[in-house]
Amino acid sequence: MTPEQFRDRFPLLKKRVYVNSCSQGALSRDVEEAIRAYLESWHEHGSPWEHWVGEVERLRARFAASIGADTDEIAVMPSASAGINAVASALDFTGPRSQVVVGDFEFPTMAQIWLAQERRGATIRRATPPAAAPDTLPLASYEAAIDERTLIVPATHVCFRNGHRTDIAGLARLAHQRGAYVLLDDYQRTGSGPIDVHALGVDFMVTGCLKYLIAAAGIGFLYVRRDLIERFEPTITGWFGRVNPFAFRIDALDWPAAASRFESGTPPVVNAYAALAALDLLDRVGYEAIGRVVERVGGRFASGAREAGFHVRTPADVNRRGPLVVVQSVDAPALVERLAARGIIASCRGNGLRVAFHAYNTDADADAVLGALKAEAALVEQADVAHRR
Ligand SMILES: Cc1ncc(COP(=O)(O)O)c(C=O)c1O
């Protein structure tokens with residue numbers, strides 16, 4: 001399927017310029033039909049749980065293949081937060097390694113879950129950007145923070161606030177040299193290009209289906225590296241974390257030799273239907289092809305914004321950015337509203353205007369957003385102003 005055919009599957013894109021996949025992916029006909037198919041199966045069969053659980057298993061395999069993992073390295077989760085909590089609950093903070101190194105670019109849920117572990121003995125150390133480049137988080141920032149007391153380094157791949165992309169493979173090498181685990185939060189990137197989780201070398205990864213995986217809320221994934229799975233017994237658990245949930249045992253806790261041991265309750269079936277359809281659609285375009293469009297359109301927008309003199313917070317280096325480009329505004333909520341009045345759906349965090357690209361975006365979308373920003377230039381911070389600050 002070509003990117004043009006892919007774009008055609010999204011009715012919204014005929015009416016609006018949609019650059020908000022960092023918040024929510026657009027709704028495709030395919031996902032809509034899958035949700036309808038779920039409802040039909042419910043109407044028709046009442047309680048076809050065997051079939052529904054089978055669909056969740058199909059999703060597990062489908063997602064695993066999409067990130068280069070094995071099926072049994074994947075836990076199906078109701079959210080990224082649930083995945084992070086399951087990992088945190090499995091760790092012991094009472095030994096010589098009790099430190100969690102949290103970078104400044106983490107999504108709040110990541111920081112908060114580790115802060116909550118302080119009551120269990122964890123200590124938090126921050127990895128902070130260099131003063132001269134506050135929108136970057138180089139490996140040197142982690143080098144200064146990770147030591148022989150570090151147990152785990154949770155790290156976002158792409159920052160939700162400024163679009164900075166961390167060198168995760170480098171971070172995994174560094175953390176492993178110093179004996180620490182790495183938990184990748186790939187939510188702001190999964191679906192926007194190829195990923196090979198084994199090659200990245202991380203120990204755990206969480207992501208969800210809301211954004212570039214173009215499905216619904218209420219479903220995500222946890223990847224656990226095969227050789228780690230049997231080392232961990234999460235204390236946040238439940239019947240779906242068992243060898244056979246339908247054994248209905250209340251006298252013992254058994255642990256499957258698979259990442260499903262990190263699951264807990266009944267899986268979110270309707271969301272699994274949506275996610276399967278979305279993964280099918282993305283597969284038909286192909287992640288390499290998706291990545292090429294995202295890189296080209298995002299690059300066109302970012303360099304156009306720089307040429308216009310705007311303060312672009314996302315790094316220019318293609319290896320240090322993902323699908324999200326952030327332009328600093330003097331009043332981003334007002335700018336988002338002005339863009340909406342021009343038929344452009346974007347979002348902001350603080351005064352950062354977030355312009356996010358997927359394979360359904362085009363060069364014309366990038367140019368439309370640029371044109372609108374030039375028309376609303378009074379609301380956009382200029383690079384030279386930022387430089388003088
Ligand atoms: C980078 C990142 N991590 C985690 C989350 C939260 O995911 P969930 O609500 O599924 O826990 C988000 C949501 O916006 C995010 O952008």
# chains A, B, ... in the order shown; residues from 1 in each chain; ligands from 1
>>> closest_atom_pairs(of="chain A", to="ligand 1", cutoff="10 Å", atoms="only C-alpha atoms and all ligand atoms", output="CSV")
residue,atom,partner,partner_atom_place_in_ligand_line,distance
A:Cys22,CA,ligand 1,16 (O),7.1
A:Ser23,CA,ligand 1,14 (O),6.2
A:Gln24,CA,ligand 1,14 (O),8.6
A:Met77,CA,ligand 1,10 (O),8.7
A:Pro78,CA,ligand 1,10 (O),7.1
A:Ser79,CA,ligand 1,10 (O),3.5
A:Ala80,CA,ligand 1,11 (O),3.8
A:Ser81,CA,ligand 1,11 (O),3.5
A:Ala82,CA,ligand 1,11 (O),6.4
A:Gly83,CA,ligand 1,11 (O),8.0
A:Ile84,CA,ligand 1,11 (O),8.2
A:Asn85,CA,ligand 1,11 (O),9.5
A:Phe105,CA,ligand 1,1 (C),8.9
A:Glu106,CA,ligand 1,1 (C),6.7
A:Phe107,CA,ligand 1,1 (C),5.0
A:Pro108,CA,ligand 1,4 (C),7.6
A:Thr109,CA,ligand 1,6 (C),6.1
A:Met110,CA,ligand 1,4 (C),6.7
A:Ala111,CA,ligand 1,3 (N),10.0
A:Ala155,CA,ligand 1,1 (C),9.1
A:Thr156,CA,ligand 1,1 (C),6.0
A:His157,CA,ligand 1,1 (C),7.7
A:Val158,CA,ligand 1,1 (C),7.0
A:Cys159,CA,ligand 1,1 (C),6.4
A:Phe160,CA,ligand 1,16 (O),5.4
A:Arg161,CA,ligand 1,16 (O),8.8
A:Leu184,CA,ligand 1,1 (C),9.6
A:Asp185,CA,ligand 1,3 (N),5.9
A:Asp186,CA,ligand 1,1 (C),6.5
A:Tyr187,CA,ligand 1,1 (C),4.7
A:Gln188,CA,ligand 1,1 (C),5.0
A:Arg189,CA,ligand 1,1 (C),8.3
A:Val206,CA,ligand 1,3 (N),8.0
A:Thr207,CA,ligand 1,3 (N),7.1
A:Gly208,CA,ligand 1,10 (O),5.6
A:Cys209,CA,ligand 1,10 (O),8.0
A:Leu210,CA,ligand 1,10 (O),7.8
A:Lys211,CA,ligand 1,14 (O),8.1
A:Ala217,CA,ligand 1,10 (O),7.3
A:Gly218,CA,ligand 1,10 (O),6.9
A:Ile219,CA,ligand 1,10 (O),7.2
A:Gly220,CA,ligand 1,10 (O),6.4
A:Phe221,CA,ligand 1,10 (O),9.1
>>> residues_around(residues="A:Asn20", least_positions_apart="4", cutoff="10 Å", atoms="only C-alpha atoms", output="compact mmCIF listing (two decimals) with N, CA and C atoms, in the first residue's frame")
# COMPACT_ATOMS: atom_id res chain seq x y z
N GLN A 24 -2.93 11.68 19.60
CA GLN A 24 -3.89 10.66 19.19
C GLN A 24 -3.74 10.45 17.69
N GLY A 25 -3.60 9.20 17.28
CA GLY A 25 -3.57 8.93 15.84
C GLY A 25 -4.94 9.18 15.23
N ALA A 26 -4.98 9.48 13.93
CA ALA A 26 -6.26 9.69 13.25
C ALA A 26 -7.00 8.35 13.13
N LYS A 211 -1.21 6.61 19.75
CA LYS A 211 -0.58 7.68 18.98
C LYS A 211 -0.20 7.17 17.58
N TYR A 212 1.06 6.94 17.33
CA TYR A 212 1.50 6.55 15.98
C TYR A 212 1.09 5.11 15.64
N LEU A 324 8.03 14.11 15.86
CA LEU A 324 7.48 15.33 16.47
C LEU A 324 8.45 16.50 16.33
N ILE A 344 -6.27 23.40 11.01
CA ILE A 344 -5.07 22.60 11.35
C ILE A 344 -5.20 22.12 12.80
N ILE A 345 -5.11 20.80 12.99
CA ILE A 345 -5.21 20.27 14.35
C ILE A 345 -3.81 19.94 14.85
N ALA A 346 -3.37 20.73 15.85
CA ALA A 346 -2.07 20.51 16.49
C ALA A 346 -2.31 20.55 18.00
N SER A 347 -1.23 20.50 18.79
CA SER A 347 -1.41 20.54 20.25
C SER A 347 -0.21 21.25 20.85
N CYS A 348 -0.26 21.48 22.16
CA CYS A 348 0.89 22.14 22.80
C CYS A 348 1.12 21.56 24.18
N ARG A 354 3.28 21.60 19.29
CA ARG A 354 3.70 20.26 18.83
C ARG A 354 3.11 19.98 17.45
N VAL A 355 4.00 19.74 16.49
CA VAL A 355 3.58 19.43 15.13
C VAL A 355 4.13 18.03 14.83
N ALA A 356 3.21 17.06 14.76
CA ALA A 356 3.64 15.65 14.68
C ALA A 356 3.22 15.06 13.34
N PHE A 357 4.12 14.27 12.75
CA PHE A 357 3.89 13.75 11.40
C PHE A 357 3.80 12.22 11.39
N HIS A 358 2.90 11.75 10.54
CA HIS A 358 2.80 10.30 10.30
C HIS A 358 2.87 10.10 8.79
>>> atom_distance(atom1="atom CA of A:Ala64", atom2="atom CA of A:Thr190")
12.0 Å
>>> residues_around(residues="A:Ile290", least_positions_apart="3", cutoff="10 Å", atoms="only C-alpha atoms", output="number ranges by chain")
A: 2-3, 6, 191-194, 282-283, 285-287, 293-295, 358-360
>>> write_last_selection(atoms="all heavy atoms", output="tab-separated table (two decimals), in the first residue's frame")
chain	number	residue	atom	x	y	z
A	2	THR	N	0.59	2.18	-0.88
A	2	THR	CA	1.41	3.40	-0.93
A	2	THR	C	0.98	4.36	0.19
A	2	THR	O	-0.16	4.27	0.68
A	2	THR	CB	1.22	4.13	-2.27
A	2	THR	OG1	-0.15	4.58	-2.33
A	2	THR	CG2	1.52	3.24	-3.46
A	3	PRO	N	1.83	5.31	0.55
A	3	PRO	CA	1.41	6.30	1.55
A	3	PRO	C	0.14	7.05	1.12
A	3	PRO	O	-0.69	7.39	1.96
A	3	PRO	CB	2.61	7.24	1.64
A	3	PRO	CG	3.78	6.37	1.27
A	3	PRO	CD	3.26	5.42	0.23
A	6	PHE	N	-2.71	4.83	1.89
A	6	PHE	CA	-2.83	4.83	3.36
A	6	PHE	C	-3.62	6.07	3.79
A	6	PHE	O	-4.60	5.98	4.53
A	6	PHE	CB	-1.41	4.83	3.94
A	6	PHE	CG	-1.31	4.92	5.45
A	6	PHE	CD1	-1.93	3.99	6.27
A	6	PHE	CD2	-0.55	5.93	6.04
A	6	PHE	CE1	-1.79	4.06	7.66
A	6	PHE	CE2	-0.42	6.01	7.42
A	6	PHE	CZ	-1.04	5.07	8.22
A	191	GLY	N	5.43	3.02	15.68
A	191	GLY	CA	4.46	3.17	14.60
A	191	GLY	C	4.90	4.20	13.58
A	191	GLY	O	4.37	4.25	12.48
A	192	SER	N	5.88	5.03	13.94
A	192	SER	CA	6.28	6.11	13.03
A	192	SER	C	7.52	5.76	12.22
A	192	SER	O	8.03	6.59	11.47
A	192	SER	CB	6.53	7.40	13.81
A	192	SER	OG	7.70	7.28	14.59
A	193	GLY	N	8.00	4.52	12.39
A	193	GLY	CA	9.20	4.08	11.66
A	193	GLY	C	9.61	2.71	12.17
A	193	GLY	O	9.00	2.18	13.09
A	194	PRO	N	10.66	2.13	11.55
A	194	PRO	CA	11.07	0.78	11.97
A	194	PRO	C	11.74	0.79	13.34
A	194	PRO	O	12.35	1.79	13.73
A	194	PRO	CB	12.08	0.38	10.89
A	194	PRO	CG	12.54	1.65	10.27
A	194	PRO	CD	11.46	2.67	10.45
A	282	LEU	N	-0.68	-0.59	9.13
A	282	LEU	CA	0.71	-0.10	9.15
A	282	LEU	C	1.64	-1.09	8.43
A	282	LEU	O	2.54	-0.69	7.70
A	282	LEU	CB	1.17	0.14	10.59
A	282	LEU	CG	0.46	1.28	11.32
A	282	LEU	CD1	0.80	1.26	12.80
A	282	LEU	CD2	0.82	2.63	10.71
A	283	ASP	N	1.39	-2.38	8.65
A	283	ASP	CA	2.19	-3.42	7.99
A	283	ASP	C	2.08	-3.33	6.48
A	283	ASP	O	3.05	-3.59	5.76
A	283	ASP	CB	1.65	-4.80	8.39
A	283	ASP	CG	2.55	-5.47	9.41
A	283	ASP	OD1	3.52	-4.83	9.84
A	283	ASP	OD2	2.25	-6.62	9.76
A	285	VAL	N	1.65	-0.73	4.70
A	285	VAL	CA	2.49	0.37	4.20
A	285	VAL	C	3.96	-0.01	4.37
A	285	VAL	O	4.78	0.22	3.48
A	285	VAL	CB	2.21	1.69	4.97
A	285	VAL	CG1	2.93	2.86	4.31
A	285	VAL	CG2	0.72	1.97	5.05
A	286	GLY	N	4.27	-0.62	5.52
A	286	GLY	CA	5.65	-1.02	5.83
A	286	GLY	C	6.34	0.07	6.65
A	286	GLY	O	6.26	1.25	6.33
A	287	TYR	N	7.03	-0.36	7.72
A	287	TYR	CA	7.60	0.62	8.64
A	287	TYR	C	8.75	1.42	8.03
A	287	TYR	O	8.95	2.57	8.37
A	287	TYR	CB	8.03	-0.06	9.95
A	287	TYR	CG	6.81	-0.49	10.75
A	287	TYR	CD1	6.34	-1.80	10.70
A	287	TYR	CD2	6.09	0.44	11.50
A	287	TYR	CE1	5.20	-2.17	11.39
A	287	TYR	CE2	4.95	0.07	12.19
A	287	TYR	CZ	4.51	-1.23	12.14
A	287	TYR	OH	3.36	-1.59	12.81
A	293	VAL	N	8.62	8.67	4.94
A	293	VAL	CA	7.69	9.80	4.81
A	293	VAL	C	7.82	10.73	6.03
A	293	VAL	O	7.92	11.95	5.90
A	293	VAL	CB	6.21	9.32	4.68
A	293	VAL	CG1	5.28	10.52	4.63
A	293	VAL	CG2	6.04	8.45	3.46
A	294	VAL	N	7.84	10.12	7.22
A	294	VAL	CA	7.90	10.91	8.45
A	294	VAL	C	9.17	11.77	8.46
A	294	VAL	O	9.13	12.96	8.80
A	294	VAL	CB	7.82	9.98	9.69
A	294	VAL	CG1	8.16	10.72	10.97
A	294	VAL	CG2	6.44	9.35	9.78
A	295	GLU	N	10.28	11.16	8.05
A	295	GLU	CA	11.56	11.88	8.05
A	295	GLU	C	11.54	13.03	7.02
A	295	GLU	O	11.97	14.14	7.32
A	295	GLU	CB	12.68	10.90	7.71
A	295	GLU	CG	14.05	11.43	8.02
A	295	GLU	CD	15.12	10.37	7.77
A	295	GLU	OE1	15.00	9.26	8.32
A	295	GLU	OE2	16.07	10.67	7.02
A	358	HIS	N	2.90	11.75	10.54
A	358	HIS	CA	2.80	10.30	10.30
A	358	HIS	C	2.87	10.10	8.79
A	358	HIS	O	2.94	11.08	8.02
A	358	HIS	CB	1.50	9.75	10.89
A	358	HIS	CG	1.60	8.29	11.27
A	358	HIS	ND1	2.15	7.34	10.43
A	358	HIS	CD2	1.25	7.63	12.39
A	358	HIS	CE1	2.13	6.16	11.03
A	358	HIS	NE2	1.59	6.31	12.23
A	359	ALA	N	2.82	8.83	8.38
A	359	ALA	CA	2.89	8.55	6.93
A	359	ALA	C	1.66	9.06	6.20
A	359	ALA	O	1.65	9.11	4.97
A	359	ALA	CB	3.07	7.06	6.69
A	360	TYR	N	0.60	9.44	6.94
A	360	TYR	CA	-0.56	10.02	6.25
A	360	TYR	C	-0.42	11.51	6.03
A	360	TYR	O	-1.31	12.14	5.48
A	360	TYR	CB	-1.88	9.68	6.95
A	360	TYR	CG	-1.96	9.82	8.46
A	360	TYR	CD1	-1.66	11.00	9.12
A	360	TYR	CD2	-2.41	8.74	9.22
A	360	TYR	CE1	-1.79	11.11	10.50
A	360	TYR	CE2	-2.53	8.83	10.60
A	360	TYR	CZ	-2.22	10.02	11.24
A	360	TYR	OH	-2.34	10.13	12.58
>>> select_by_dssp(residues="stretch 190-327 of chain A", states="strand (DSSP E or B)", output="JSON, numbers by chain")
{"A": [204, 205, 206, 207, 208, 220, 221, 222, 223, 224, 310, 312, 321, 324, 325, 326, 327]}
>>> residues_around(residues="A:Thr237", least_positions_apart="6", cutoff="12 Å", atoms="only C-alpha atoms", output="count of residues only")
20
